[in-house]
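S.K.: This is the structure, below, for whatever I ask next.
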Amino acid sequence: MPDRKPDRDRPRTRFHGRVEANGRACAHPGCDEPGEFRAPAGPRSGFSGDGPPQFRFLCLDHVRAFNSGYNFFTGMSADEIHDAQRPFAGWERETRAFATNGADRPPKWSDFNDPLDAIGARFRDRMKAERPRADGKPLSGADRSALGVLGLGTDADRKALRQRYSDLVRQFHPDRNGGDRRHEAALQQVIEAYQQLRKSPAFA
């Protein structure tokens with residue numbers, strides 16, 4: 001591995017916010033040290049909305065002096081200071097994504113074209129599968145999955161459950177379909193789904 005220079009050969013690299021000066025001198029009058037730390041150009045010259053914020057670059061000693069005397073509330077009235085110190089100050093503003101003049105506003109659903117009704121149909125199927133039973137009996141997540149395996153609706157009763165199970169067993173069982181064993185995995189799923197539902201409170 002190549003030898004690394006000791007930290008003493010890289011002065012002030014540990015300070016947060018340090019930027020290589022590349023020949024830029026400190027902006028403090030009469031200081032010839034490199035300007036490596038950014039500071040506002042004036043007491044409160046942050047971003048105003050009319051253009052980029054104005055900054056100047058200072059050396060380490062002068063940026064420390066600037067920070068020690070910096071007061072965010074300079075020039076504010078008592079009411080402005082009170083408003084800025086509220087716990088929820090700033091939360092009243094709209095974020096960019098929802099601002100009326102934002103460039104990245106999401107499209108309106110009314111402008112969305114779904115000619116095959118793919119999204120709408122999927123949403124309706126999901127809502128249909130998750131709706132409660134008309135008789136008010138509870139259905140667990142496992143119950144709903146089992147109903148999907150058997151192809152039954154949410155409001156199916158015990159009679160419909162038995163009939164559907166009988167039909168699927170005749171369709172998938174090798175003893176009932178001429179010895180075709182290609183559907184044994186599906187048969188196992190049907191049996192497990194039936195066992196789940198027959199013990200469910202909804203089919204008691």
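Just so we're on the same page: first chain in the structure tokens is A, next is B, and so on; residues restart at 1 for each chain, and ligands are numbered from 1 in the order they show up.
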Quick one: everything within 8 Å of Tyr165 in chain A, counting only C-alpha atoms, minus sequence neighbours fewer than 2 positions away in the same chain. Send it as a PyMOL selection string.

M.R.: chain A and resi 150+161-163+167-169+190-191+194

S.K.: Could you list, as a compact mmCIF listing (two decimals) with N, CA and C atoms, in the first residue's frame, every residue within 8 Å of range 55-59 of chain A, counting only C-alpha atoms and ignoring same-chain residues fewer than 3 positions away?

M.R.:
# COMPACT_ATOMS: atom_id res chain seq x y z
N ALA A 25 -7.75 34.50 -1.56
CA ALA A 25 -7.35 35.07 -0.28
C ALA A 25 -8.57 35.33 0.59
N CYS A 26 -8.34 35.43 1.87
CA CYS A 26 -9.41 35.74 2.82
C CYS A 26 -10.02 37.09 2.48
N ALA A 27 -11.36 37.19 2.58
CA ALA A 27 -12.06 38.41 2.22
C ALA A 27 -11.97 39.49 3.29
N HIS A 28 -11.42 39.16 4.44
CA HIS A 28 -11.29 40.17 5.50
C HIS A 28 -10.22 41.18 5.10
N GLU A 33 -4.29 35.35 4.42
CA GLU A 33 -4.47 33.91 4.58
C GLU A 33 -5.44 33.37 3.52
N PRO A 34 -5.35 32.08 3.19
CA PRO A 34 -6.29 31.52 2.21
C PRO A 34 -7.74 31.59 2.69
N GLY A 35 -8.64 31.96 1.77
CA GLY A 35 -10.07 31.99 2.10
C GLY A 35 -10.69 30.63 1.86
N GLU A 36 -10.82 29.84 2.92
CA GLU A 36 -11.24 28.44 2.79
C GLU A 36 -12.59 28.14 3.43
N PHE A 37 -13.23 29.13 4.05
CA PHE A 37 -14.48 28.88 4.76
C PHE A 37 -15.52 29.90 4.32
N ARG A 38 -16.68 29.40 3.93
CA ARG A 38 -17.73 30.26 3.37
C ARG A 38 -18.55 30.89 4.48
N ALA A 39 -18.90 32.16 4.31
CA ALA A 39 -19.73 32.89 5.26
C ALA A 39 -20.63 33.84 4.49
N PRO A 40 -21.80 34.18 5.03
CA PRO A 40 -22.67 35.13 4.34
C PRO A 40 -21.96 36.45 4.10
N ALA A 41 -22.30 37.10 2.99
CA ALA A 41 -21.64 38.35 2.65
C ALA A 41 -22.05 39.49 3.57
N SER A 45 -27.59 37.88 4.81
CA SER A 45 -27.69 37.83 3.35
C SER A 45 -27.84 36.41 2.87
N HIS A 62 -10.79 34.23 10.89
CA HIS A 62 -11.82 35.24 10.67
C HIS A 62 -13.21 34.62 10.56
N VAL A 63 -13.33 33.38 10.09
CA VAL A 63 -14.64 32.76 10.07
C VAL A 63 -15.08 32.41 11.48

S.K.: Taking only C-alpha atoms into account, name the residue in A:Arg181, A:Thr154, A:Leu187, A:Phe172 that is nearest to Gly141 in chain A.

M.R.: A:Thr154

S.K.: Considering only C-alpha atoms, state which residue in the set A:Glu20, A:Gln85, A:Ser200, A:Asp125 is at the smallest distance from Phe72 in chain A.

M.R.: A:Gln85

S.K.: Which value, in Å to one decimal, gives the distance between CA of Val149 in chain A and CA of Ala185 in chain A?

M.R.: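 So the answer is 12.1 Å.
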
S.K.: What is the CA of Ala156 in chain A to CA of Ala202 in chain A distance in Å?

M.R.: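 Computing it gives 9.1 Å between the two atoms.
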
S.K.: Neighbours of range 135-139 of chain A within 10 Å (only C-alpha atoms; same-chain residues fewer than 5 positions away dropped), as an MDAnalysis selection string?

M.R.: chainID A and resid 130 144:145 147 154:155 197 200:204

S.K.: What separation in Å, quoted to one decimal, exists between CA of Arg18 in chain A and CA of Gly75 in chain A?

M.R.: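 Rounded to one decimal, the two atoms are 28.5 Å apart.
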
S.K.: Step one, run DSSP on the backbone; step two, keep only residues of range 129-199 of chain A assigned to alpha helix (DSSP H); then write them as a ChimeraX atom specification.

M.R.: /A:129-130,141-150,158-172,184-198

S.K.: Since we have the selection now, will you write its residues out, keeping C-alpha atoms, as a PDB file, in the first residue's frame?

M.R.:
ATOM      1  CA  ALA A 129     -61.467  -9.088  -1.949  1.00  0.00           C
ATOM      2  CA  GLU A 130     -60.925  -6.975   1.173  1.00  0.00           C
ATOM      3  CA  GLY A 141     -55.811 -12.825   6.086  1.00  0.00           C
ATOM      4  CA  ALA A 142     -55.372 -16.594   5.817  1.00  0.00           C
ATOM      5  CA  ASP A 143     -59.134 -16.967   5.273  1.00  0.00           C
ATOM      6  CA  ARG A 144     -59.069 -14.463   2.419  1.00  0.00           C
ATOM      7  CA  SER A 145     -56.090 -16.226   0.811  1.00  0.00           C
ATOM      8  CA  ALA A 146     -57.900 -19.553   1.065  1.00  0.00           C
ATOM      9  CA  LEU A 147     -60.997 -18.080  -0.548  1.00  0.00           C
ATOM     10  CA  GLY A 148     -58.796 -16.912  -3.425  1.00  0.00           C
ATOM     11  CA  VAL A 149     -57.374 -20.420  -3.881  1.00  0.00           C
ATOM     12  CA  LEU A 150     -60.869 -21.885  -4.074  1.00  0.00           C
ATOM     13  CA  ARG A 158     -70.565 -23.328   4.304  1.00  0.00           C
ATOM     14  CA  LYS A 159     -72.700 -24.999   1.624  1.00  0.00           C
ATOM     15  CA  ALA A 160     -70.908 -23.138  -1.167  1.00  0.00           C
ATOM     16  CA  LEU A 161     -67.568 -24.018   0.423  1.00  0.00           C
ATOM     17  CA  ARG A 162     -68.348 -27.747   0.451  1.00  0.00           C
ATOM     18  CA  GLN A 163     -69.666 -27.690  -3.098  1.00  0.00           C
ATOM     19  CA  ARG A 164     -66.640 -25.838  -4.437  1.00  0.00           C
ATOM     20  CA  TYR A 165     -64.262 -28.184  -2.617  1.00  0.00           C
ATOM     21  CA  SER A 166     -66.023 -31.234  -4.043  1.00  0.00           C
ATOM     22  CA  ASP A 167     -65.866 -29.825  -7.576  1.00  0.00           C
ATOM     23  CA  LEU A 168     -62.156 -29.061  -7.358  1.00  0.00           C
ATOM     24  CA  VAL A 169     -61.289 -32.456  -5.881  1.00  0.00           C
ATOM     25  CA  ARG A 170     -63.051 -34.173  -8.789  1.00  0.00           C
ATOM     26  CA  GLN A 171     -61.131 -31.961 -11.174  1.00  0.00           C
ATOM     27  CA  PHE A 172     -57.644 -32.424  -9.681  1.00  0.00           C
ATOM     28  CA  GLU A 184     -51.361 -32.807  -7.541  1.00  0.00           C
ATOM     29  CA  ALA A 185     -49.806 -29.525  -6.372  1.00  0.00           C
ATOM     30  CA  ALA A 186     -53.055 -27.677  -7.073  1.00  0.00           C
ATOM     31  CA  LEU A 187     -54.992 -30.405  -5.271  1.00  0.00           C
ATOM     32  CA  GLN A 188     -52.798 -29.974  -2.193  1.00  0.00           C
ATOM     33  CA  GLN A 189     -53.482 -26.234  -2.204  1.00  0.00           C
ATOM     34  CA  VAL A 190     -57.216 -26.864  -2.455  1.00  0.00           C
ATOM     35  CA  ILE A 191     -57.131 -29.272   0.493  1.00  0.00           C
ATOM     36  CA  GLU A 192     -55.138 -26.825   2.643  1.00  0.00           C
ATOM     37  CA  ALA A 193     -57.487 -23.963   1.755  1.00  0.00           C
ATOM     38  CA  TYR A 194     -60.536 -26.051   2.628  1.00  0.00           C
ATOM     39  CA  GLN A 195     -59.036 -27.114   5.963  1.00  0.00           C
ATOM     40  CA  GLN A 196     -58.334 -23.460   6.748  1.00  0.00           C
ATOM     41  CA  LEU A 197     -61.860 -22.300   5.957  1.00  0.00           C
ATOM     42  CA  ARG A 198     -63.850 -25.100   7.521  1.00  0.00           C
TER      43      ARG A 198
END
